[in-house]
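Note: the block below is structure22.cif and it holds mmCIF, C-alpha atoms, pLDDT in the B column; chains and numbers go by the auth columns.
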data_model
loop_
_atom_site.group_PDB
_atom_site.id
_atom_site.type_symbol
_atom_site.label_atom_id
_atom_site.label_comp_id
_atom_site.label_asym_id
_atom_site.label_seq_id
_atom_site.Cartn_x
_atom_site.Cartn_y
_atom_site.Cartn_z
_atom_site.B_iso_or_equiv
_atom_site.auth_seq_id
_atom_site.auth_asym_id
ATOM 1 C CA MET A 1 -12.258 5.050 -29.533 45.00 3 K
ATOM 2 C CA SER A 2 -13.897 3.160 -32.365 50.00 4 K
ATOM 3 C CA ALA A 3 -17.619 2.522 -32.548 47.00 5 K
ATOM 4 C CA ALA A 4 -16.932 -1.161 -31.942 54.00 6 K
ATOM 5 C CA ALA A 5 -15.055 -0.527 -28.727 69.00 7 K
ATOM 6 C CA GLU A 6 -17.923 1.575 -27.398 78.00 8 K
ATOM 7 C CA ASN A 7 -20.076 -1.545 -27.431 89.00 9 K
ATOM 8 C CA ASP A 8 -17.578 -3.574 -25.458 97.00 10 K
ATOM 9 C CA ARG A 9 -18.513 -4.569 -21.939 97.00 11 K
ATOM 10 C CA PHE A 10 -16.228 -4.856 -18.911 98.00 12 K
ATOM 11 C CA GLU A 11 -17.903 -5.657 -15.663 98.00 13 K
ATOM 12 C CA LEU A 12 -17.405 -6.981 -12.135 98.00 14 K
ATOM 13 C CA LEU A 13 -20.559 -8.564 -10.765 98.00 15 K
ATOM 14 C CA HIS A 14 -21.516 -9.603 -7.257 98.00 16 K
ATOM 15 C CA ALA A 15 -24.246 -11.806 -8.696 98.00 17 K
ATOM 16 C CA PRO A 16 -24.506 -14.663 -11.200 98.00 18 K
ATOM 17 C CA ILE A 17 -23.451 -13.862 -14.777 98.00 19 K
ATOM 18 C CA ASP A 18 -26.183 -14.132 -17.417 98.00 20 K
ATOM 19 C CA LEU A 19 -24.116 -15.883 -20.060 98.00 21 K
ATOM 20 C CA ALA A 20 -26.742 -15.710 -22.814 98.00 22 K
ATOM 21 C CA ALA A 21 -27.171 -11.967 -22.316 98.00 23 K
ATOM 22 C CA VAL A 22 -23.425 -11.429 -22.670 98.00 24 K
ATOM 23 C CA VAL A 23 -23.374 -13.391 -25.920 98.00 25 K
ATOM 24 C CA ARG A 24 -26.351 -11.438 -27.271 97.00 26 K
ATOM 25 C CA GLN A 25 -24.549 -8.225 -26.471 97.00 27 K
ATOM 26 C CA VAL A 26 -21.544 -8.990 -28.691 98.00 28 K
ATOM 27 C CA ARG A 27 -23.544 -10.527 -31.546 97.00 29 K
ATOM 28 C CA ALA A 28 -24.216 -8.444 -34.669 96.00 30 K
ATOM 29 C CA ASP A 29 -25.188 -9.074 -38.277 96.00 31 K
ATOM 30 C CA GLN A 30 -21.774 -8.079 -39.581 96.00 32 K
ATOM 31 C CA ASP A 31 -20.166 -10.917 -37.572 97.00 33 K
ATOM 32 C CA GLY A 32 -19.742 -14.517 -38.560 97.00 34 K
ATOM 33 C CA ALA A 33 -18.426 -15.963 -35.339 98.00 35 K
ATOM 34 C CA ILE A 34 -18.506 -15.625 -31.578 98.00 36 K
ATOM 35 C CA VAL A 35 -15.987 -17.398 -29.350 98.00 37 K
ATOM 36 C CA THR A 36 -16.705 -17.596 -25.627 98.00 38 K
ATOM 37 C CA PHE A 37 -14.711 -18.672 -22.593 98.00 39 K
ATOM 38 C CA ASP A 38 -16.654 -19.883 -19.573 98.00 40 K
ATOM 39 C CA GLY A 39 -14.444 -20.269 -16.509 98.00 41 K
ATOM 40 C CA PHE A 40 -16.249 -21.976 -13.628 98.00 42 K
ATOM 41 C CA VAL A 41 -15.516 -23.384 -10.199 98.00 43 K
ATOM 42 C CA ARG A 42 -13.919 -26.837 -10.210 97.00 44 K
ATOM 43 C CA ASN A 43 -14.747 -29.299 -7.440 97.00 45 K
ATOM 44 C CA GLU A 44 -11.138 -29.949 -6.491 96.00 46 K
ATOM 45 C CA SER A 45 -7.766 -28.268 -6.258 93.00 47 K
ATOM 46 C CA HIS A 46 -4.551 -30.325 -6.337 90.00 48 K
ATOM 47 C CA GLY A 47 -6.563 -33.381 -5.382 92.00 49 K
ATOM 48 C CA ARG A 48 -8.404 -31.809 -2.426 94.00 50 K
ATOM 49 C CA PRO A 49 -12.162 -31.460 -2.645 97.00 51 K
ATOM 50 C CA THR A 50 -13.127 -27.783 -2.834 97.00 52 K
ATOM 51 C CA LEU A 51 -16.159 -26.571 -0.862 98.00 53 K
ATOM 52 C CA TYR A 52 -16.463 -23.126 -2.421 98.00 54 K
ATOM 53 C CA LEU A 53 -14.384 -20.125 -3.520 98.00 55 K
ATOM 54 C CA GLU A 54 -14.337 -16.457 -2.632 98.00 56 K
ATOM 55 C CA TYR A 55 -13.147 -13.841 -5.112 98.00 57 K
ATOM 56 C CA GLU A 56 -12.181 -10.290 -4.296 98.00 58 K
ATOM 57 C CA ALA A 57 -10.839 -7.502 -6.501 98.00 59 K
ATOM 58 C CA TYR A 58 -9.279 -4.085 -6.395 98.00 60 K
ATOM 59 C CA GLU A 59 -12.365 -3.110 -8.311 98.00 61 K
ATOM 60 C CA PRO A 60 -11.511 0.194 -10.020 98.00 62 K
ATOM 61 C CA MET A 61 -8.055 -1.090 -10.988 98.00 63 K
ATOM 62 C CA ALA A 62 -9.441 -4.433 -12.155 98.00 64 K
ATOM 63 C CA LEU A 63 -11.906 -2.647 -14.428 98.00 65 K
ATOM 64 C CA ALA A 64 -9.165 -0.394 -15.758 97.00 66 K
ATOM 65 C CA LYS A 65 -6.997 -3.433 -16.531 98.00 67 K
ATOM 66 C CA MET A 66 -9.920 -5.206 -18.210 98.00 68 K
ATOM 67 C CA ARG A 67 -10.473 -2.141 -20.410 97.00 69 K
ATOM 68 C CA GLU A 68 -6.740 -2.176 -21.264 97.00 70 K
ATOM 69 C CA ILE A 69 -7.088 -5.773 -22.415 98.00 71 K
ATOM 70 C CA GLY A 70 -9.942 -4.617 -24.628 98.00 72 K
ATOM 71 C CA MET A 71 -7.837 -1.895 -26.199 97.00 73 K
ATOM 72 C CA GLN A 72 -4.981 -4.330 -26.819 98.00 74 K
ATOM 73 C CA ILE A 73 -7.376 -6.780 -28.446 98.00 75 K
ATOM 74 C CA HIS A 74 -8.754 -4.189 -30.848 98.00 76 K
ATOM 75 C CA GLU A 75 -5.174 -3.261 -31.790 98.00 77 K
ATOM 76 C CA ARG A 76 -4.064 -6.847 -32.344 98.00 78 K
ATOM 77 C CA PHE A 77 -7.049 -8.759 -33.685 98.00 79 K
ATOM 78 C CA SER A 78 -9.756 -8.087 -36.279 97.00 80 K
ATOM 79 C CA VAL A 79 -12.642 -8.520 -33.889 98.00 81 K
ATOM 80 C CA HIS A 80 -15.908 -6.642 -33.562 97.00 82 K
ATOM 81 C CA ARG A 81 -17.093 -6.633 -29.950 97.00 83 K
ATOM 82 C CA LEU A 82 -15.689 -7.968 -26.719 98.00 84 K
ATOM 83 C CA ALA A 83 -17.189 -8.654 -23.294 98.00 85 K
ATOM 84 C CA ILE A 84 -15.260 -9.620 -20.166 98.00 86 K
ATOM 85 C CA VAL A 85 -17.340 -10.198 -17.042 98.00 87 K
ATOM 86 C CA HIS A 86 -15.890 -11.449 -13.750 98.00 88 K
ATOM 87 C CA ARG A 87 -17.955 -12.425 -10.745 98.00 89 K
ATOM 88 C CA LEU A 88 -16.855 -11.632 -7.170 98.00 90 K
ATOM 89 C CA GLY A 89 -17.859 -12.891 -3.731 98.00 91 K
ATOM 90 C CA ARG A 90 -18.685 -16.458 -2.762 98.00 92 K
ATOM 91 C CA LEU A 91 -19.009 -18.925 -5.659 98.00 93 K
ATOM 92 C CA GLU A 92 -20.164 -22.521 -5.422 98.00 94 K
ATOM 93 C CA ILE A 93 -18.940 -25.513 -7.464 98.00 95 K
ATOM 94 C CA GLY A 94 -19.997 -25.059 -11.079 98.00 96 K
ATOM 95 C CA ASP A 95 -20.646 -21.314 -10.828 98.00 97 K
ATOM 96 C CA THR A 96 -19.158 -19.260 -13.642 98.00 98 K
ATOM 97 C CA SER A 97 -16.431 -16.978 -12.293 98.00 99 K
ATOM 98 C CA VAL A 98 -15.377 -15.372 -15.558 98.00 100 K
ATOM 99 C CA PHE A 99 -17.090 -15.168 -18.923 98.00 101 K
ATOM 100 C CA ILE A 100 -15.550 -13.764 -22.093 98.00 102 K
ATOM 101 C CA ALA A 101 -17.266 -13.385 -25.452 98.00 103 K
ATOM 102 C CA VAL A 102 -15.660 -12.084 -28.644 98.00 104 K
ATOM 103 C CA SER A 103 -17.407 -11.517 -31.944 98.00 105 K
ATOM 104 C CA ALA A 104 -15.661 -11.185 -35.286 98.00 106 K
ATOM 105 C CA PRO A 105 -16.374 -11.493 -38.987 97.00 107 K
ATOM 106 C CA HIS A 106 -14.115 -14.584 -39.098 97.00 108 K
ATOM 107 C CA ARG A 107 -13.442 -17.252 -36.489 97.00 109 K
ATOM 108 C CA ALA A 108 -9.655 -17.199 -36.298 98.00 110 K
ATOM 109 C CA ALA A 109 -9.484 -13.689 -34.877 98.00 111 K
ATOM 110 C CA ALA A 110 -12.244 -14.479 -32.377 98.00 112 K
ATOM 111 C CA PHE A 111 -10.430 -17.600 -31.107 98.00 113 K
ATOM 112 C CA ASP A 112 -7.117 -15.771 -30.828 98.00 114 K
ATOM 113 C CA ALA A 113 -8.617 -12.740 -29.090 98.00 115 K
ATOM 114 C CA CYS A 114 -10.563 -14.840 -26.597 98.00 116 K
ATOM 115 C CA ARG A 115 -7.440 -16.792 -25.665 98.00 117 K
ATOM 116 C CA PHE A 116 -5.469 -13.557 -25.329 98.00 118 K
ATOM 117 C CA ALA A 117 -8.187 -12.084 -23.107 98.00 119 K
ATOM 118 C CA ILE A 118 -8.286 -14.898 -20.556 98.00 120 K
ATOM 119 C CA ASP A 119 -4.505 -15.394 -20.505 98.00 121 K
ATOM 120 C CA THR A 120 -3.882 -11.666 -19.998 98.00 122 K
ATOM 121 C CA LEU A 121 -6.627 -11.371 -17.384 98.00 123 K
ATOM 122 C CA LYS A 122 -5.002 -14.121 -15.340 98.00 124 K
ATOM 123 C CA ARG A 123 -1.657 -12.303 -15.391 97.00 125 K
ATOM 124 C CA THR A 124 -2.606 -8.660 -14.986 97.00 126 K
ATOM 125 C CA VAL A 125 -6.058 -8.072 -13.489 98.00 127 K
ATOM 126 C CA PRO A 126 -6.037 -7.566 -9.684 98.00 128 K
ATOM 127 C CA ILE A 127 -8.508 -10.250 -8.639 98.00 129 K
ATOM 128 C CA TRP A 128 -7.816 -12.828 -5.939 98.00 130 K
ATOM 129 C CA LYS A 129 -9.320 -16.229 -5.251 98.00 131 K
ATOM 130 C CA LYS A 130 -9.494 -17.963 -1.885 98.00 132 K
ATOM 131 C CA GLU A 131 -10.164 -21.696 -1.893 97.00 133 K
ATOM 132 C CA PHE A 132 -12.114 -23.221 0.981 98.00 134 K
ATOM 133 C CA PHE A 133 -11.625 -26.880 1.916 97.00 135 K
ATOM 134 C CA GLU A 134 -12.927 -29.138 4.693 95.00 136 K
ATOM 135 C CA ASP A 135 -9.841 -28.439 6.766 93.00 137 K
ATOM 136 C CA GLY A 136 -9.067 -24.805 5.992 95.00 138 K
ATOM 137 C CA ALA A 137 -8.669 -22.211 3.309 97.00 139 K
ATOM 138 C CA VAL A 138 -5.817 -20.922 1.159 96.00 140 K
ATOM 139 C CA TRP A 139 -5.279 -18.046 -1.237 96.00 141 K
ATOM 140 C CA ALA A 140 -4.716 -19.580 -4.648 95.00 142 K
ATOM 141 C CA ASP A 141 -1.214 -19.429 -6.085 91.00 143 K
ATOM 142 C CA GLY A 142 -1.317 -16.592 -8.536 93.00 144 K
ATOM 143 C CA GLU A 143 0.857 -14.795 -11.015 92.00 145 K
ATOM 144 C CA LEU A 144 2.781 -11.683 -10.131 93.00 146 K
ATOM 145 C CA PRO A 145 1.982 -9.006 -12.724 93.00 147 K
ATOM 146 C CA PRO A 146 5.106 -7.793 -14.511 88.00 148 K
ATOM 147 C CA ALA A 147 6.616 -4.864 -12.642 82.00 149 K
ATOM 148 C CA PRO A 148 7.550 -1.854 -14.731 85.00 150 K
ATOM 149 C CA PRO A 149 11.175 -0.777 -14.878 84.00 151 K
ATOM 150 C CA SER A 150 12.610 1.488 -12.242 85.00 152 K
ATOM 151 C CA ALA A 151 11.082 4.974 -12.177 69.00 153 K
ATOM 152 C CA THR A 152 13.111 7.574 -13.988 62.00 154 K
ATOM 153 C CA LYS A 153 14.322 10.501 -11.930 54.00 155 K
ATOM 154 C CA PRO A 154 11.479 12.941 -11.550 50.00 156 K
ATOM 155 C CA ALA A 155 12.009 16.069 -13.579 46.00 157 K
ATOM 156 C CA SER A 156 13.040 18.955 -11.355 42.00 158 K
ATOM 157 C CA MET B 1 7.044 22.442 13.963 51.00 26 N
ATOM 158 C CA PRO B 2 9.014 24.557 11.502 54.00 27 N
ATOM 159 C CA HIS B 3 11.917 22.123 10.874 59.00 28 N
ATOM 160 C CA VAL B 4 9.848 19.118 9.836 61.00 29 N
ATOM 161 C CA LEU B 5 9.677 18.296 6.140 66.00 30 N
ATOM 162 C CA PRO B 6 6.256 18.850 4.625 75.00 31 N
ATOM 163 C CA ASN B 7 4.135 15.745 4.769 90.00 32 N
ATOM 164 C CA LEU B 8 1.951 14.251 2.136 94.00 33 N
ATOM 165 C CA ARG B 9 -1.078 12.124 2.732 96.00 34 N
ATOM 166 C CA VAL B 10 -1.748 8.981 0.712 98.00 35 N
ATOM 167 C CA LYS B 11 -4.347 6.226 0.847 98.00 36 N
ATOM 168 C CA VAL B 12 -3.059 2.662 1.202 98.00 37 N
ATOM 169 C CA LEU B 13 -5.163 -0.346 0.221 98.00 38 N
ATOM 170 C CA PHE B 14 -4.677 -4.027 1.012 98.00 39 N
ATOM 171 C CA PHE B 15 -6.132 -7.083 -0.694 98.00 40 N
ATOM 172 C CA GLY B 16 -6.120 -10.843 -0.395 97.00 41 N
ATOM 173 C CA ARG B 17 -3.562 -12.429 1.877 96.00 42 N
ATOM 174 C CA VAL B 18 -1.935 -9.072 2.602 96.00 43 N
ATOM 175 C CA ARG B 19 -5.275 -7.667 3.788 97.00 44 N
ATOM 176 C CA GLU B 20 -5.663 -10.667 6.077 96.00 45 N
ATOM 177 C CA LEU B 21 -2.106 -10.352 7.359 95.00 46 N
ATOM 178 C CA THR B 22 -2.412 -6.671 8.245 96.00 47 N
ATOM 179 C CA GLY B 23 -6.092 -6.650 9.130 97.00 48 N
ATOM 180 C CA ILE B 24 -6.339 -3.411 7.135 98.00 49 N
ATOM 181 C CA THR B 25 -8.561 -2.806 4.120 98.00 50 N
ATOM 182 C CA GLU B 26 -7.526 0.797 3.591 97.00 51 N
ATOM 183 C CA GLU B 27 -6.171 3.688 5.595 97.00 52 N
ATOM 184 C CA ALA B 28 -4.725 7.145 5.113 97.00 53 N
ATOM 185 C CA VAL B 29 -1.098 7.703 6.111 96.00 54 N
ATOM 186 C CA GLU B 30 1.235 10.671 6.142 96.00 55 N
ATOM 187 C CA MET B 31 4.700 10.331 4.664 96.00 56 N
ATOM 188 C CA ALA B 32 7.532 12.801 4.345 94.00 57 N
ATOM 189 C CA ASP B 33 7.729 14.650 1.072 93.00 58 N
ATOM 190 C CA GLY B 34 10.077 12.763 -1.259 93.00 59 N
ATOM 191 C CA ALA B 35 9.230 9.325 0.142 96.00 60 N
ATOM 192 C CA THR B 36 8.906 6.413 -2.283 97.00 61 N
ATOM 193 C CA LEU B 37 6.589 3.410 -2.344 97.00 62 N
ATOM 194 C CA ALA B 38 9.473 1.364 -0.926 97.00 63 N
ATOM 195 C CA ASP B 39 9.670 3.753 2.044 97.00 64 N
ATOM 196 C CA LEU B 40 5.957 3.359 2.618 98.00 65 N
ATOM 197 C CA PHE B 41 6.276 -0.423 2.445 98.00 66 N
ATOM 198 C CA GLU B 42 9.109 -0.327 4.983 97.00 67 N
ATOM 199 C CA ARG B 43 6.831 1.469 7.391 96.00 68 N
ATOM 200 C CA TYR B 44 4.296 -1.351 7.125 97.00 69 N
ATOM 201 C CA ALA B 45 7.009 -4.004 7.305 97.00 70 N
ATOM 202 C CA ALA B 46 8.123 -2.483 10.605 96.00 71 N
ATOM 203 C CA ARG B 47 4.556 -2.502 11.865 96.00 72 N
ATOM 204 C CA PHE B 48 3.812 -6.025 10.585 96.00 73 N
ATOM 205 C CA PRO B 49 7.090 -7.998 10.627 94.00 74 N
ATOM 206 C CA GLN B 50 5.522 -10.914 8.722 93.00 75 N
ATOM 207 C CA LEU B 51 4.996 -8.565 5.810 94.00 76 N
ATOM 208 C CA ALA B 52 8.723 -7.924 5.337 91.00 77 N
ATOM 209 C CA GLY B 53 9.360 -11.355 3.797 90.00 78 N
ATOM 210 C CA PHE B 54 6.531 -10.851 1.363 89.00 79 N
ATOM 211 C CA ARG B 55 7.953 -7.985 -0.627 91.00 80 N
ATOM 212 C CA ALA B 56 9.512 -10.121 -3.375 91.00 81 N
ATOM 213 C CA SER B 57 6.088 -11.629 -4.049 93.00 82 N
ATOM 214 C CA LEU B 58 4.207 -8.338 -4.160 96.00 83 N
ATOM 215 C CA VAL B 59 3.779 -5.770 -6.890 96.00 84 N
ATOM 216 C CA ALA B 60 3.111 -2.143 -6.084 97.00 85 N
ATOM 217 C CA SER B 61 0.461 0.039 -7.661 98.00 86 N
ATOM 218 C CA ARG B 62 -0.012 3.796 -7.660 97.00 87 N
ATOM 219 C CA ASN B 63 -3.323 5.223 -8.779 98.00 88 N
ATOM 220 C CA GLN B 64 -4.317 1.869 -10.265 97.00 89 N
ATOM 221 C CA GLU B 65 -1.185 1.399 -12.354 96.00 90 N
ATOM 222 C CA PHE B 66 1.609 -1.070 -11.628 97.00 91 N
ATOM 223 C CA VAL B 67 4.740 0.903 -10.740 97.00 92 N
ATOM 224 C CA SER B 68 8.289 0.253 -9.583 96.00 93 N
ATOM 225 C CA TRP B 69 9.168 0.415 -5.887 96.00 94 N
ATOM 226 C CA ASP B 70 11.286 3.545 -6.310 96.00 95 N
ATOM 227 C CA THR B 71 8.326 5.591 -7.545 96.00 96 N
ATOM 228 C CA PRO B 72 7.955 8.769 -5.475 97.00 97 N
ATOM 229 C CA LEU B 73 4.689 9.333 -3.645 97.00 98 N
ATOM 230 C CA SER B 74 2.465 12.294 -4.402 97.00 99 N
ATOM 231 C CA ALA B 75 -0.268 13.764 -2.258 96.00 100 N
ATOM 232 C CA GLU B 76 -3.610 11.960 -2.523 97.00 101 N
ATOM 233 C CA ASP B 77 -2.115 8.901 -4.252 98.00 102 N
ATOM 234 C CA ASP B 78 -3.911 5.572 -3.936 98.00 103 N
ATOM 235 C CA ILE B 79 -1.209 3.012 -3.158 98.00 104 N
ATOM 236 C CA ALA B 80 -1.589 -0.762 -2.962 98.00 105 N
ATOM 237 C CA PHE B 81 0.804 -3.656 -2.366 97.00 106 N
ATOM 238 C CA LEU B 82 -0.722 -6.419 -4.429 97.00 107 N
ATOM 239 C CA PRO B 83 -0.179 -10.166 -4.038 97.00 108 N
ATOM 240 C CA PRO B 84 0.041 -12.425 -7.101 97.00 109 N
ATOM 241 C CA VAL B 85 -3.269 -12.207 -8.936 98.00 110 N
ATOM 242 C CA SER B 86 -5.459 -15.297 -9.294 97.00 111 N
ATOM 243 C CA GLY B 87 -8.599 -14.260 -11.122 97.00 112 N
ATOM 244 C CA GLY B 88 -10.263 -16.340 -13.791 96.00 113 N
#
Starting from the file, give its structure as structure tokens.
Amino acid sequence: MSAAAENDRFELLHAPIDLAAVVRQVRADQDGAIVTFDGFVRNESHGRPTLYLEYEAYEPMALAKMREIGMQIHERFSVHRLAIVHRLGRLEIGDTSVFIAVSAPHRAAAFDACRFAIDTLKRTVPIWKKEFFEDGAVWADGELPPAPPSATKPAS
Amino acid sequence: MPHVLPNLRVKVLFFGRVRELTGITEEAVEMADGATLADLFERYAARFPQLAGFRASLVASRNQEFVSWDTPLSAEDDIAFLPPVSGG
């Protein structure tokens, strides 16, 4: 693993995310750009007012999948450091649920890597969101992670 | 019981709507040697009939990796039947 990847941060938090601290963590003198993604709780879903959300995760697998995203990003994009932090538990309107920060010498790679990180997280990281409304609660429609091909016959 | 196939013990975890449907967070179960994840799912589908219709919208994991349903179980595996993910 490269020195850069050792400074990456992948975390699931049951408390508010300190956005400024995450940005500081990826910032270094050799960089010229940081791109961040701040995903936060919207006050409505499909036209219904949202009261609050609850997030849960298969935590060890979610962290493993977040680290995989990090490895893919270092393979694909010329970025320096990467942080992906997701909050779990009950979140109120306006609370940040996911925060991603990517530093790079040049902006294009940072933009591309940040977009890749959030898009891949939404498809592959085992985290679930339940939306609470005045008249009930529903699990958010999600994306089914791609299933691998059929297992090969075990060697015998 | 000398004629029974050897059993293997795995841990099964449930999340999101599947956790709510079964009322189970995690439990240990014994399966016959040679059983696959699909066999394990069938056992739960028999126990929780509502679960049976869900299979097409679930993805299976073994030891924190997505795997196909015909993957054989091994002793001490962590198995989960995961609903569509909705983080972010």
Within 12 Å of chain K: each chain N residue with its shortest pair, all atoms listed in the file, as a tab-separated table:
residue	atom	partner	partner_atom	distance
N:Val37	CA	K:Tyr60	CA	11.9
N:Leu38	CA	K:Tyr60	CA	8.6
N:Phe39	CA	K:Tyr60	CA	8.7
N:Phe40	CA	K:Tyr60	CA	7.2
N:Gly41	CA	K:Trp130	CA	6.1
N:Arg42	CA	K:Trp141	CA	6.6
N:Val43	CA	K:Trp141	CA	10.3
N:Arg44	CA	K:Glu58	CA	11.0
N:Glu45	CA	K:Trp141	CA	10.4
N:Leu46	CA	K:Trp141	CA	12.0
N:Thr50	CA	K:Tyr60	CA	10.6
N:Glu51	CA	K:Tyr60	CA	11.3
N:Gly59	CA	K:Pro156	CA	10.4
N:Thr61	CA	K:Ala153	CA	10.2
N:Leu62	CA	K:Ala153	CA	10.9
N:Ala63	CA	K:Ser152	CA	11.7
N:Arg80	CA	K:Leu146	CA	11.4
N:Ala81	CA	K:Leu146	CA	9.7
N:Ser82	CA	K:Leu146	CA	6.9
N:Leu83	CA	K:Leu146	CA	7.0
N:Val84	CA	K:Ala149	CA	6.5
N:Ala85	CA	K:Ala149	CA	7.9
N:Ser86	CA	K:Met63	CA	9.2
N:Arg87	CA	K:Met63	CA	10.0
N:Asn88	CA	K:Met63	CA	8.2
N:Gln89	CA	K:Met63	CA	4.8
N:Glu90	CA	K:Met63	CA	7.4
N:Phe91	CA	K:Ala149	CA	6.4
N:Val92	CA	K:Pro150	CA	5.6
N:Ser93	CA	K:Ser152	CA	5.2
N:Trp94	CA	K:Ser152	CA	7.3
N:Asp95	CA	K:Ala153	CA	6.0
N:Thr96	CA	K:Ala153	CA	5.4
N:Pro97	CA	K:Pro156	CA	8.2
N:Leu98	CA	K:Pro156	CA	11.0
N:Ser99	CA	K:Pro156	CA	11.5
N:Asp103	CA	K:Met63	CA	10.5
N:Ile104	CA	K:Met63	CA	11.2
N:Ala105	CA	K:Tyr60	CA	9.1
N:Phe106	CA	K:Pro128	CA	10.8
N:Leu107	CA	K:Pro128	CA	7.6
N:Pro108	CA	K:Leu146	CA	6.9
N:Pro109	CA	K:Leu146	CA	4.2
N:Val110	CA	K:Gly144	CA	4.8
N:Ser111	CA	K:Gly144	CA	4.4
N:Gly112	CA	K:Ile129	CA	4.7
N:Gly113	CA	K:Val100	CA	5.5
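Counting only C-alpha atoms and comparing K:Ser47, K:Asp137, K:Ala119, K:Leu53, the residue that lies closest to K:His76 is K:Ala119.
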The PyMOL selection byres ((chain N and resi 55) around 8) - which residues does that actually catch in the file I just gave you? List them as a ChimeraX atom specification.
/N:32-35,53-54,56-57
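Atom CA of K:Met68 is found 22.0 Å from atom CA of K:Ala30.
Coordinates place atom CA of K:Ile71 at a distance of 9.3 Å from atom CA of K:Ile86.
Taking atom CA of K:Thr38 and atom CA of K:Ala111 as endpoints, the distance between them is 12.4 Å.
Here the PyMOL selection byres ((chain K and resi 28) around 10) captures the residues Ala6, Asn9, Asp10, Arg11, Ala23, Val24, Val25, Arg26, Gln27, Arg29, Ala30, Asp33, Ile36, His82, Arg83, Leu84, Ala85, Ala103, Val104, Ser105 and Ala106 of chain K.
Between K:Gly72 and the residues K:Ile95, K:Leu21, K:Ile102, K:Val37, the shortest atom-to-atom distance, using all atoms listed in the file, involves K:Ile102.
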Find the residues around N:Thr47 up to 10 Å (all atoms listed in the file counted), leave out those fewer than 5 positions away in its own chain, and share them as a list in words.
Phe39, Phe40, Arg42, Tyr69, Ala70, Arg72, Phe73, Pro74, Gln75 and Leu76 of chain N
Since we have the selection now, will you write its residues out, keeping C-alpha atoms, as an mmCIF file, in the coordinates of the input?
data_model
loop_
_atom_site.group_PDB
_atom_site.id
_atom_site.type_symbol
_atom_site.label_atom_id
_atom_site.label_comp_id
_atom_site.auth_asym_id
_atom_site.auth_seq_id
_atom_site.Cartn_x
_atom_site.Cartn_y
_atom_site.Cartn_z
ATOM 1 C CA PHE N 39 -4.677 -4.027 1.012
ATOM 2 C CA PHE N 40 -6.132 -7.083 -0.694
ATOM 3 C CA ARG N 42 -3.562 -12.429 1.877
ATOM 4 C CA TYR N 69 4.296 -1.351 7.125
ATOM 5 C CA ALA N 70 7.009 -4.004 7.305
ATOM 6 C CA ARG N 72 4.556 -2.502 11.865
ATOM 7 C CA PHE N 73 3.812 -6.025 10.585
ATOM 8 C CA PRO N 74 7.090 -7.998 10.627
ATOM 9 C CA GLN N 75 5.522 -10.914 8.722
ATOM 10 C CA LEU N 76 4.996 -8.565 5.810
#
